$ cat data_20.cif   # mmCIF, N, CA and C atoms
data_entry
#
loop_
_atom_site.group_PDB
_atom_site.id
_atom_site.type_symbol
_atom_site.label_atom_id
_atom_site.label_comp_id
_atom_site.auth_asym_id
_atom_site.auth_seq_id
_atom_site.Cartn_x
_atom_site.Cartn_y
_atom_site.Cartn_z
ATOM 1 N N MET Z 14 24.380 14.555 5.497
ATOM 2 C CA MET Z 14 23.769 13.385 6.099
ATOM 3 C C MET Z 14 22.423 13.777 6.683
ATOM 4 N N VAL Z 15 21.493 12.867 6.570
ATOM 5 C CA VAL Z 15 20.181 13.006 7.189
ATOM 6 C C VAL Z 15 20.028 11.836 8.147
ATOM 7 N N THR Z 16 19.551 12.120 9.355
ATOM 8 C CA THR Z 16 19.312 11.067 10.332
ATOM 9 C C THR Z 16 17.817 10.913 10.560
ATOM 10 N N VAL Z 17 17.332 9.684 10.459
ATOM 11 C CA VAL Z 17 15.941 9.355 10.744
ATOM 12 C C VAL Z 17 15.958 8.459 11.973
ATOM 13 N N ILE Z 18 15.245 8.877 13.011
ATOM 14 C CA ILE Z 18 15.193 8.089 14.238
ATOM 15 C C ILE Z 18 13.783 7.541 14.413
ATOM 16 N N LEU Z 19 13.681 6.229 14.450
ATOM 17 C CA LEU Z 19 12.404 5.580 14.749
ATOM 18 C C LEU Z 19 12.221 5.687 16.262
ATOM 19 N N ASN Z 20 11.181 6.391 16.701
ATOM 20 C CA ASN Z 20 11.066 6.737 18.111
ATOM 21 C C ASN Z 20 9.811 6.144 18.754
ATOM 22 N N ARG Z 21 9.753 4.826 18.784
ATOM 23 C CA ARG Z 21 8.694 4.112 19.502
ATOM 24 C C ARG Z 21 9.349 2.961 20.257
ATOM 25 N N PRO Z 22 10.247 3.276 21.192
ATOM 26 C CA PRO Z 22 11.038 2.228 21.841
ATOM 27 C C PRO Z 22 10.203 1.195 22.599
ATOM 28 N N HIS Z 23 9.047 1.595 23.125
ATOM 29 C CA HIS Z 23 8.222 0.638 23.870
ATOM 30 C C HIS Z 23 7.575 -0.405 22.955
ATOM 31 N N GLU Z 24 7.498 -0.088 21.670
ATOM 32 C CA GLU Z 24 6.942 -1.019 20.673
ATOM 33 C C GLU Z 24 8.053 -1.549 19.766
ATOM 34 N N ILE Z 25 9.280 -1.505 20.245
ATOM 35 C CA ILE Z 25 10.467 -1.899 19.472
ATOM 36 C C ILE Z 25 10.467 -1.192 18.113
ATOM 37 N N ASN Z 26 10.060 0.086 18.138
ATOM 38 C CA ASN Z 26 10.063 0.956 16.960
ATOM 39 C C ASN Z 26 9.253 0.400 15.796
ATOM 40 N N ALA Z 27 8.162 -0.283 16.121
ATOM 41 C CA ALA Z 27 7.282 -0.815 15.075
ATOM 42 C C ALA Z 27 6.737 0.341 14.243
ATOM 43 N N LEU Z 28 6.727 0.146 12.944
ATOM 44 C CA LEU Z 28 6.327 1.197 12.013
ATOM 45 C C LEU Z 28 4.816 1.384 11.962
ATOM 46 N N THR Z 29 4.418 2.647 11.953
ATOM 47 C CA THR Z 29 3.022 3.013 11.738
ATOM 48 C C THR Z 29 2.916 3.627 10.345
ATOM 49 N N THR Z 30 1.705 3.807 9.879
ATOM 50 C CA THR Z 30 1.496 4.427 8.577
ATOM 51 C C THR Z 30 2.102 5.822 8.549
ATOM 52 N N GLU Z 31 1.917 6.585 9.608
ATOM 53 C CA GLU Z 31 2.455 7.944 9.654
ATOM 54 C C GLU Z 31 3.985 7.935 9.620
ATOM 55 N N MET Z 32 4.598 7.009 10.320
ATOM 56 C CA MET Z 32 6.064 6.913 10.286
ATOM 57 C C MET Z 32 6.556 6.623 8.869
ATOM 58 N N ILE Z 33 5.883 5.733 8.192
ATOM 59 C CA ILE Z 33 6.267 5.387 6.822
ATOM 60 C C ILE Z 33 6.136 6.604 5.913
ATOM 61 N N ARG Z 34 5.059 7.367 6.083
ATOM 62 C CA ARG Z 34 4.884 8.590 5.278
ATOM 63 C C ARG Z 34 6.036 9.569 5.525
ATOM 64 N N LEU Z 35 6.396 9.763 6.783
ATOM 65 C CA LEU Z 35 7.475 10.701 7.120
ATOM 66 C C LEU Z 35 8.821 10.223 6.564
ATOM 67 N N ILE Z 36 9.078 8.932 6.670
ATOM 68 C CA ILE Z 36 10.322 8.385 6.122
ATOM 69 C C ILE Z 36 10.352 8.565 4.610
ATOM 70 N N ARG Z 37 9.233 8.276 3.981
ATOM 71 C CA ARG Z 37 9.166 8.417 2.521
ATOM 72 C C ARG Z 37 9.419 9.859 2.095
ATOM 73 N N ARG Z 38 8.772 10.815 2.795
ATOM 74 C CA ARG Z 38 8.988 12.226 2.487
ATOM 75 C C ARG Z 38 10.458 12.604 2.622
ATOM 76 N N THR Z 39 11.074 12.120 3.679
ATOM 77 C CA THR Z 39 12.489 12.407 3.906
ATOM 78 C C THR Z 39 13.349 11.826 2.796
ATOM 79 N N LEU Z 40 13.098 10.586 2.432
ATOM 80 C CA LEU Z 40 13.882 9.945 1.367
ATOM 81 C C LEU Z 40 13.690 10.636 0.020
ATOM 82 N N GLU Z 41 12.463 11.093 -0.246
ATOM 83 C CA GLU Z 41 12.222 11.820 -1.493
ATOM 84 C C GLU Z 41 12.987 13.139 -1.513
ATOM 85 N N GLU Z 42 13.036 13.826 -0.364
ATOM 86 C CA GLU Z 42 13.794 15.072 -0.272
ATOM 87 C C GLU Z 42 15.289 14.816 -0.480
ATOM 88 N N VAL Z 43 15.790 13.769 0.146
ATOM 89 C CA VAL Z 43 17.207 13.423 0.000
ATOM 90 C C VAL Z 43 17.532 13.134 -1.458
ATOM 91 N N GLN Z 44 16.637 12.462 -2.128
ATOM 92 C CA GLN Z 44 16.863 12.114 -3.529
ATOM 93 C C GLN Z 44 16.921 13.364 -4.416
ATOM 94 N N ARG Z 45 16.141 14.384 -4.075
ATOM 95 C CA ARG Z 45 16.116 15.625 -4.864
ATOM 96 C C ARG Z 45 17.342 16.503 -4.616
ATOM 97 N N GLU Z 46 17.899 16.430 -3.427
ATOM 98 C CA GLU Z 46 18.981 17.330 -3.022
ATOM 99 C C GLU Z 46 20.353 16.678 -3.217
ATOM 100 N N ASP Z 47 21.245 17.378 -3.898
ATOM 101 C CA ASP Z 47 22.601 16.864 -4.115
ATOM 102 C C ASP Z 47 23.465 16.954 -2.862
ATOM 103 N N ARG Z 48 23.068 17.780 -1.906
ATOM 104 C CA ARG Z 48 23.929 18.008 -0.740
ATOM 105 C C ARG Z 48 23.950 16.834 0.232
ATOM 106 N N PHE Z 49 23.033 15.904 0.101
ATOM 107 C CA PHE Z 49 22.990 14.761 1.008
ATOM 108 C C PHE Z 49 23.771 13.592 0.416
ATOM 109 N N GLN Z 50 24.596 12.971 1.232
ATOM 110 C CA GLN Z 50 25.389 11.830 0.791
ATOM 111 C C GLN Z 50 24.747 10.504 1.214
ATOM 112 N N PHE Z 51 24.123 10.506 2.390
ATOM 113 C CA PHE Z 51 23.500 9.272 2.863
ATOM 114 C C PHE Z 51 22.461 9.571 3.937
ATOM 115 N N VAL Z 52 21.670 8.544 4.238
ATOM 116 C CA VAL Z 52 20.644 8.617 5.271
ATOM 117 C C VAL Z 52 21.003 7.603 6.346
ATOM 118 N N LEU Z 53 21.009 8.046 7.587
ATOM 119 C CA LEU Z 53 21.289 7.175 8.720
ATOM 120 C C LEU Z 53 19.974 6.881 9.427
ATOM 121 N N LEU Z 54 19.619 5.611 9.514
ATOM 122 C CA LEU Z 54 18.408 5.196 10.217
ATOM 123 C C LEU Z 54 18.794 4.627 11.574
ATOM 124 N N LEU Z 55 18.166 5.150 12.626
ATOM 125 C CA LEU Z 55 18.423 4.686 13.986
ATOM 126 C C LEU Z 55 17.116 4.310 14.653
ATOM 127 N N GLY Z 56 17.196 3.379 15.586
ATOM 128 C CA GLY Z 56 16.045 3.014 16.385
ATOM 129 C C GLY Z 56 16.251 3.461 17.821
ATOM 130 N N ALA Z 57 15.262 4.115 18.399
ATOM 131 C CA ALA Z 57 15.351 4.566 19.787
ATOM 132 C C ALA Z 57 15.289 3.370 20.731
ATOM 133 N N GLY Z 58 15.917 3.511 21.872
ATOM 134 C CA GLY Z 58 15.896 2.450 22.875
ATOM 135 C C GLY Z 58 16.961 1.409 22.617
ATOM 136 N N ASP Z 59 16.938 0.383 23.447
ATOM 137 C CA ASP Z 59 17.981 -0.644 23.352
ATOM 138 C C ASP Z 59 17.432 -2.039 23.070
ATOM 139 N N ARG Z 60 16.153 -2.131 22.731
ATOM 140 C CA ARG Z 60 15.555 -3.443 22.499
ATOM 141 C C ARG Z 60 15.694 -3.916 21.058
ATOM 142 N N GLY Z 61 15.918 -3.000 20.141
ATOM 143 C CA GLY Z 61 16.051 -3.392 18.748
ATOM 144 C C GLY Z 61 15.841 -2.218 17.830
ATOM 145 N N PHE Z 62 16.324 -2.352 16.604
ATOM 146 C CA PHE Z 62 16.197 -1.265 15.626
ATOM 147 C C PHE Z 62 14.744 -1.053 15.221
ATOM 148 N N CYS Z 63 14.108 -2.114 14.718
ATOM 149 C CA CYS Z 63 12.719 -2.009 14.252
ATOM 150 C C CYS Z 63 12.135 -3.408 14.139
ATOM 151 N N SER Z 64 10.976 -3.583 14.737
ATOM 152 C CA SER Z 64 10.343 -4.905 14.698
ATOM 153 C C SER Z 64 9.498 -5.107 13.445
ATOM 154 N N GLY Z 65 9.447 -4.104 12.581
ATOM 155 C CA GLY Z 65 8.628 -4.198 11.370
ATOM 156 C C GLY Z 65 7.376 -3.366 11.526
ATOM 157 N N GLY Z 66 6.310 -3.783 10.881
ATOM 158 C CA GLY Z 66 5.033 -3.068 10.991
ATOM 159 C C GLY Z 66 4.375 -3.327 12.327
ATOM 160 N N ASP Z 67 3.606 -2.369 12.800
ATOM 161 C CA ASP Z 67 2.903 -2.511 14.073
ATOM 162 C C ASP Z 67 1.678 -3.399 13.868
ATOM 163 N N LEU Z 68 1.850 -4.675 14.120
ATOM 164 C CA LEU Z 68 0.776 -5.648 13.889
ATOM 165 C C LEU Z 68 -0.408 -5.430 14.812
ATOM 166 N N LYS Z 69 -0.168 -4.906 16.008
ATOM 167 C CA LYS Z 69 -1.289 -4.628 16.915
ATOM 168 C C LYS Z 69 -2.212 -3.571 16.323
ATOM 169 N N LEU Z 70 -1.628 -2.523 15.767
ATOM 170 C CA LEU Z 70 -2.459 -1.480 15.149
ATOM 171 C C LEU Z 70 -3.189 -2.010 13.922
ATOM 172 N N LEU Z 71 -2.510 -2.844 13.125
ATOM 173 C CA LEU Z 71 -3.150 -3.417 11.944
ATOM 174 C C LEU Z 71 -4.285 -4.361 12.333
ATOM 175 N N ALA Z 72 -4.064 -5.192 13.356
ATOM 176 C CA ALA Z 72 -5.107 -6.108 13.817
ATOM 177 C C ALA Z 72 -6.298 -5.334 14.367
ATOM 178 N N LYS Z 73 -6.025 -4.241 15.073
ATOM 179 C CA LYS Z 73 -7.106 -3.407 15.607
ATOM 180 C C LYS Z 73 -7.921 -2.805 14.468
ATOM 181 N N ALA Z 74 -7.240 -2.344 13.424
ATOM 182 C CA ALA Z 74 -7.945 -1.764 12.277
ATOM 183 C C ALA Z 74 -8.854 -2.797 11.621
ATOM 184 N N VAL Z 75 -8.370 -4.022 11.473
ATOM 185 C CA VAL Z 75 -9.181 -5.082 10.864
ATOM 186 C C VAL Z 75 -10.345 -5.438 11.780
ATOM 187 N N LYS Z 76 -10.087 -5.553 13.078
ATOM 188 C CA LYS Z 76 -11.148 -5.890 14.038
ATOM 189 C C LYS Z 76 -12.246 -4.831 14.033
ATOM 190 N N GLU Z 77 -11.844 -3.567 13.895
ATOM 191 C CA GLU Z 77 -12.808 -2.471 13.876
ATOM 192 C C GLU Z 77 -13.372 -2.230 12.474
ATOM 193 N N LYS Z 78 -12.965 -3.088 11.544
ATOM 194 C CA LYS Z 78 -13.413 -3.014 10.150
ATOM 195 C C LYS Z 78 -13.059 -1.676 9.494
ATOM 196 N N THR Z 79 -11.955 -1.088 9.905
ATOM 197 C CA THR Z 79 -11.430 0.108 9.242
ATOM 198 C C THR Z 79 -10.325 -0.359 8.295
ATOM 199 N N PHE Z 80 -10.760 -1.088 7.294
ATOM 200 C CA PHE Z 80 -9.822 -1.726 6.367
ATOM 201 C C PHE Z 80 -8.976 -0.710 5.607
ATOM 202 N N SER Z 81 -9.497 0.492 5.433
ATOM 203 C CA SER Z 81 -8.721 1.499 4.703
ATOM 204 C C SER Z 81 -7.430 1.832 5.456
ATOM 205 N N ASP Z 82 -7.467 1.790 6.794
ATOM 206 C CA ASP Z 82 -6.245 2.032 7.572
ATOM 207 C C ASP Z 82 -5.198 0.968 7.268
ATOM 208 N N ALA Z 83 -5.625 -0.289 7.234
ATOM 209 C CA ALA Z 83 -4.706 -1.390 6.932
ATOM 210 C C ALA Z 83 -4.222 -1.293 5.481
ATOM 211 N N GLU Z 84 -5.121 -0.938 4.556
ATOM 212 C CA GLU Z 84 -4.729 -0.808 3.155
ATOM 213 C C GLU Z 84 -3.700 0.289 2.971
ATOM 214 N N GLN Z 85 -3.869 1.416 3.669
ATOM 215 C CA GLN Z 85 -2.917 2.521 3.548
ATOM 216 C C GLN Z 85 -1.542 2.092 4.040
ATOM 217 N N PHE Z 86 -1.492 1.276 5.072
ATOM 218 C CA PHE Z 86 -0.218 0.836 5.590
ATOM 219 C C PHE Z 86 0.566 0.077 4.521
ATOM 220 N N PHE Z 87 -0.146 -0.835 3.843
ATOM 221 C CA PHE Z 87 0.531 -1.659 2.828
ATOM 222 C C PHE Z 87 0.630 -0.940 1.511
#
$ encode --input "data_20.cif" --output "structure tokens"
Amino acid sequence: MVTVILNRPHEINALTTEMIRLIRRTLEEVQREDRFQFVLLLGAGDRGFCSGGDLKLLAKAVKEKTFSDAEQFF
């Protein structure tokens, strides 16, 4: 088993680009290895598992015209 913990409890574990990259890397490793049976995803804190993408960071990127940051997220 592999456990992935989303650890941004103050933002209801909203996903950032870096978090998505780390999750993807982990899932790719799990897929390559026969020793893993499943992946357990947990959200830190008690407000919720994951609110989705961090819209504040995406809005900031658009406002600052750093569109490549927003493009990388999607």
$ atom_distance --input "data_20.cif" --atom1 "atom CA of Leu40 of chain Z" --atom2 "atom CA of Ala72 of chain Z"
27.8 Å
$ atom_distance --input "data_20.cif" --atom1 "atom N of Glu84 of chain Z" --atom2 "atom CA of Thr29 of chain Z"
11.6 Å
$ closest_residue --input "data_20.cif" --among "Z:Glu42, Z:Lys76, Z:Ala27, Z:Val52" --to "Val15 of chain Z" --atoms "all atoms listed in the file"
Z:Val52
$ axis_aligned_box --input "data_20.cif" --around "segment 45-59 of chain Z" --padding-each-side "6 Å" --output "AutoDock Vina command-line options"
--center_x 20.3 --center_y 8.0 --center_z 9.3 --size_x 22.1 --size_y 32.0 --size_z 40.3
$ atom_distance --input "data_20.cif" --atom1 "atom CA of Asn26 of chain Z" --atom2 "atom CA of Phe49 of chain Z"
24.7 Å
$ select_by_dssp --input "data_20.cif" --residues "chain Z" --states "strand (DSSP E)" --output "ChimeraX atom specification"
/Z:15-19,52-56
$ resolve_selection --input "data_20.cif" --expression "the PyMOL selection byres (((chain Z and resi 33 and name CA) around 12) and name CA)" --output "ChimeraX atom specification"
/Z:17-19,26-32,34-40,65-67,85-87
$ residues_around --input "data_20.cif" --residues "Pro22 of chain Z" --least-positions-apart "4" --cutoff "10 Å" --atoms "only C-alpha atoms" --output "list in words"
Asn26, Ala27, Gly56, Ala57, Gly58, Asp59, Arg60, Gly61, Phe62 and Cys63 of chain Z
$ select_by_dssp --input "data_20.cif" --residues "chain Z" --states "alpha helix (DSSP H)" --output "ChimeraX atom specification"
/Z:30-45,68-76,80-86
$ write_last_selection --input "data_20.cif" --atoms "N, CA and C atoms" --output "mmCIF file, keeping the file's coordinate frame"
data_model
loop_
_atom_site.group_PDB
_atom_site.id
_atom_site.type_symbol
_atom_site.label_atom_id
_atom_site.label_comp_id
_atom_site.auth_asym_id
_atom_site.auth_seq_id
_atom_site.Cartn_x
_atom_site.Cartn_y
_atom_site.Cartn_z
ATOM 1 N N THR Z 30 1.705 3.807 9.879
ATOM 2 C CA THR Z 30 1.496 4.427 8.577
ATOM 3 C C THR Z 30 2.102 5.822 8.549
ATOM 4 N N GLU Z 31 1.917 6.585 9.608
ATOM 5 C CA GLU Z 31 2.455 7.944 9.654
ATOM 6 C C GLU Z 31 3.985 7.935 9.620
ATOM 7 N N MET Z 32 4.598 7.009 10.320
ATOM 8 C CA MET Z 32 6.064 6.913 10.286
ATOM 9 C C MET Z 32 6.556 6.623 8.869
ATOM 10 N N ILE Z 33 5.883 5.733 8.192
ATOM 11 C CA ILE Z 33 6.267 5.387 6.822
ATOM 12 C C ILE Z 33 6.136 6.604 5.913
ATOM 13 N N ARG Z 34 5.059 7.367 6.083
ATOM 14 C CA ARG Z 34 4.884 8.590 5.278
ATOM 15 C C ARG Z 34 6.036 9.569 5.525
ATOM 16 N N LEU Z 35 6.396 9.763 6.783
ATOM 17 C CA LEU Z 35 7.475 10.701 7.120
ATOM 18 C C LEU Z 35 8.821 10.223 6.564
ATOM 19 N N ILE Z 36 9.078 8.932 6.670
ATOM 20 C CA ILE Z 36 10.322 8.385 6.122
ATOM 21 C C ILE Z 36 10.352 8.565 4.610
ATOM 22 N N ARG Z 37 9.233 8.276 3.981
ATOM 23 C CA ARG Z 37 9.166 8.417 2.521
ATOM 24 C C ARG Z 37 9.419 9.859 2.095
ATOM 25 N N ARG Z 38 8.772 10.815 2.795
ATOM 26 C CA ARG Z 38 8.988 12.226 2.487
ATOM 27 C C ARG Z 38 10.458 12.604 2.622
ATOM 28 N N THR Z 39 11.074 12.120 3.679
ATOM 29 C CA THR Z 39 12.489 12.407 3.906
ATOM 30 C C THR Z 39 13.349 11.826 2.796
ATOM 31 N N LEU Z 40 13.098 10.586 2.432
ATOM 32 C CA LEU Z 40 13.882 9.945 1.367
ATOM 33 C C LEU Z 40 13.690 10.636 0.020
ATOM 34 N N GLU Z 41 12.463 11.093 -0.246
ATOM 35 C CA GLU Z 41 12.222 11.820 -1.493
ATOM 36 C C GLU Z 41 12.987 13.139 -1.513
ATOM 37 N N GLU Z 42 13.036 13.826 -0.364
ATOM 38 C CA GLU Z 42 13.794 15.072 -0.272
ATOM 39 C C GLU Z 42 15.289 14.816 -0.480
ATOM 40 N N VAL Z 43 15.790 13.769 0.146
ATOM 41 C CA VAL Z 43 17.207 13.423 0.000
ATOM 42 C C VAL Z 43 17.532 13.134 -1.458
ATOM 43 N N GLN Z 44 16.637 12.462 -2.128
ATOM 44 C CA GLN Z 44 16.863 12.114 -3.529
ATOM 45 C C GLN Z 44 16.921 13.364 -4.416
ATOM 46 N N ARG Z 45 16.141 14.384 -4.075
ATOM 47 C CA ARG Z 45 16.116 15.625 -4.864
ATOM 48 C C ARG Z 45 17.342 16.503 -4.616
ATOM 49 N N LEU Z 68 1.850 -4.675 14.120
ATOM 50 C CA LEU Z 68 0.776 -5.648 13.889
ATOM 51 C C LEU Z 68 -0.408 -5.430 14.812
ATOM 52 N N LYS Z 69 -0.168 -4.906 16.008
ATOM 53 C CA LYS Z 69 -1.289 -4.628 16.915
ATOM 54 C C LYS Z 69 -2.212 -3.571 16.323
ATOM 55 N N LEU Z 70 -1.628 -2.523 15.767
ATOM 56 C CA LEU Z 70 -2.459 -1.480 15.149
ATOM 57 C C LEU Z 70 -3.189 -2.010 13.922
ATOM 58 N N LEU Z 71 -2.510 -2.844 13.125
ATOM 59 C CA LEU Z 71 -3.150 -3.417 11.944
ATOM 60 C C LEU Z 71 -4.285 -4.361 12.333
ATOM 61 N N ALA Z 72 -4.064 -5.192 13.356
ATOM 62 C CA ALA Z 72 -5.107 -6.108 13.817
ATOM 63 C C ALA Z 72 -6.298 -5.334 14.367
ATOM 64 N N LYS Z 73 -6.025 -4.241 15.073
ATOM 65 C CA LYS Z 73 -7.106 -3.407 15.607
ATOM 66 C C LYS Z 73 -7.921 -2.805 14.468
ATOM 67 N N ALA Z 74 -7.240 -2.344 13.424
ATOM 68 C CA ALA Z 74 -7.945 -1.764 12.277
ATOM 69 C C ALA Z 74 -8.854 -2.797 11.621
ATOM 70 N N VAL Z 75 -8.370 -4.022 11.473
ATOM 71 C CA VAL Z 75 -9.181 -5.082 10.864
ATOM 72 C C VAL Z 75 -10.345 -5.438 11.780
ATOM 73 N N LYS Z 76 -10.087 -5.553 13.078
ATOM 74 C CA LYS Z 76 -11.148 -5.890 14.038
ATOM 75 C C LYS Z 76 -12.246 -4.831 14.033
ATOM 76 N N PHE Z 80 -10.760 -1.088 7.294
ATOM 77 C CA PHE Z 80 -9.822 -1.726 6.367
ATOM 78 C C PHE Z 80 -8.976 -0.710 5.607
ATOM 79 N N SER Z 81 -9.497 0.492 5.433
ATOM 80 C CA SER Z 81 -8.721 1.499 4.703
ATOM 81 C C SER Z 81 -7.430 1.832 5.456
ATOM 82 N N ASP Z 82 -7.467 1.790 6.794
ATOM 83 C CA ASP Z 82 -6.245 2.032 7.572
ATOM 84 C C ASP Z 82 -5.198 0.968 7.268
ATOM 85 N N ALA Z 83 -5.625 -0.289 7.234
ATOM 86 C CA ALA Z 83 -4.706 -1.390 6.932
ATOM 87 C C ALA Z 83 -4.222 -1.293 5.481
ATOM 88 N N GLU Z 84 -5.121 -0.938 4.556
ATOM 89 C CA GLU Z 84 -4.729 -0.808 3.155
ATOM 90 C C GLU Z 84 -3.700 0.289 2.971
ATOM 91 N N GLN Z 85 -3.869 1.416 3.669
ATOM 92 C CA GLN Z 85 -2.917 2.521 3.548
ATOM 93 C C GLN Z 85 -1.542 2.092 4.040
ATOM 94 N N PHE Z 86 -1.492 1.276 5.072
ATOM 95 C CA PHE Z 86 -0.218 0.836 5.590
ATOM 96 C C PHE Z 86 0.566 0.077 4.521
#
$ decode --input "data_20.cif" --residues "segment 18-60 of chain Z" --atoms "C-alpha atoms" --output "JSON list (two decimals), in the first residue's frame"
[["chain", "number", "residue", "atom", "x", "y", "z"],
["Z", 18, "ILE", "CA", -1.64, 12.67, 2.15],
["Z", 19, "LEU", "CA", -2.83, 16.01, 0.81],
["Z", 20, "ASN", "CA", -1.33, 18.34, 3.40],
["Z", 21, "ARG", "CA", -2.82, 21.82, 3.00],
["Z", 22, "PRO", "CA", -5.54, 21.72, 5.66],
["Z", 23, "HIS", "CA", -5.93, 25.51, 5.83],
["Z", 24, "GLU", "CA", -6.85, 25.53, 2.13],
["Z", 25, "ILE", "CA", -9.03, 22.40, 2.45],
["Z", 26, "ASN", "CA", -6.19, 20.53, 0.70],
["Z", 27, "ALA", "CA", -6.65, 22.43, -2.55],
["Z", 28, "LEU", "CA", -4.35, 21.02, -5.20],
["Z", 29, "THR", "CA", -1.36, 22.93, -6.51],
["Z", 30, "THR", "CA", 0.63, 22.12, -9.62],
["Z", 31, "GLU", "CA", 3.44, 20.70, -7.50],
["Z", 32, "MET", "CA", 1.04, 18.46, -5.58],
["Z", 33, "ILE", "CA", -0.35, 17.11, -8.84],
["Z", 34, "ARG", "CA", 3.18, 16.38, -10.09],
["Z", 35, "LEU", "CA", 4.03, 14.49, -6.89],
["Z", 36, "ILE", "CA", 0.79, 12.49, -7.00],
["Z", 37, "ARG", "CA", 1.38, 11.64, -10.64],
["Z", 38, "ARG", "CA", 4.94, 10.49, -9.92],
["Z", 39, "THR", "CA", 3.67, 8.31, -7.10],
["Z", 40, "LEU", "CA", 0.93, 6.77, -9.23],
["Z", 41, "GLU", "CA", 3.38, 6.07, -12.05],
["Z", 42, "GLU", "CA", 5.70, 4.31, -9.58],
["Z", 43, "VAL", "CA", 2.82, 2.26, -8.20],
["Z", 44, "GLN", "CA", 1.85, 1.24, -11.71],
["Z", 45, "ARG", "CA", 5.40, 0.01, -12.44],
["Z", 46, "GLU", "CA", 5.77, -1.96, -9.20],
["Z", 47, "ASP", "CA", 3.92, -5.25, -8.65],
["Z", 48, "ARG", "CA", 4.35, -5.05, -4.88],
["Z", 49, "PHE", "CA", 1.71, -2.34, -4.48],
["Z", 50, "GLN", "CA", -1.93, -3.39, -4.24],
["Z", 51, "PHE", "CA", -3.58, 0.01, -3.83],
["Z", 52, "VAL", "CA", -3.10, 3.71, -3.14],
["Z", 53, "LEU", "CA", -4.77, 5.37, -0.16],
["Z", 54, "LEU", "CA", -5.47, 9.09, -0.56],
["Z", 55, "LEU", "CA", -6.04, 11.10, 2.61],
["Z", 56, "GLY", "CA", -6.68, 14.75, 3.29],
["Z", 57, "ALA", "CA", -5.07, 16.46, 6.28],
["Z", 58, "GLY", "CA", -7.31, 18.25, 8.75],
["Z", 59, "ASP", "CA", -10.99, 17.85, 9.41],
["Z", 60, "ARG", "CA", -12.56, 20.32, 6.99]]
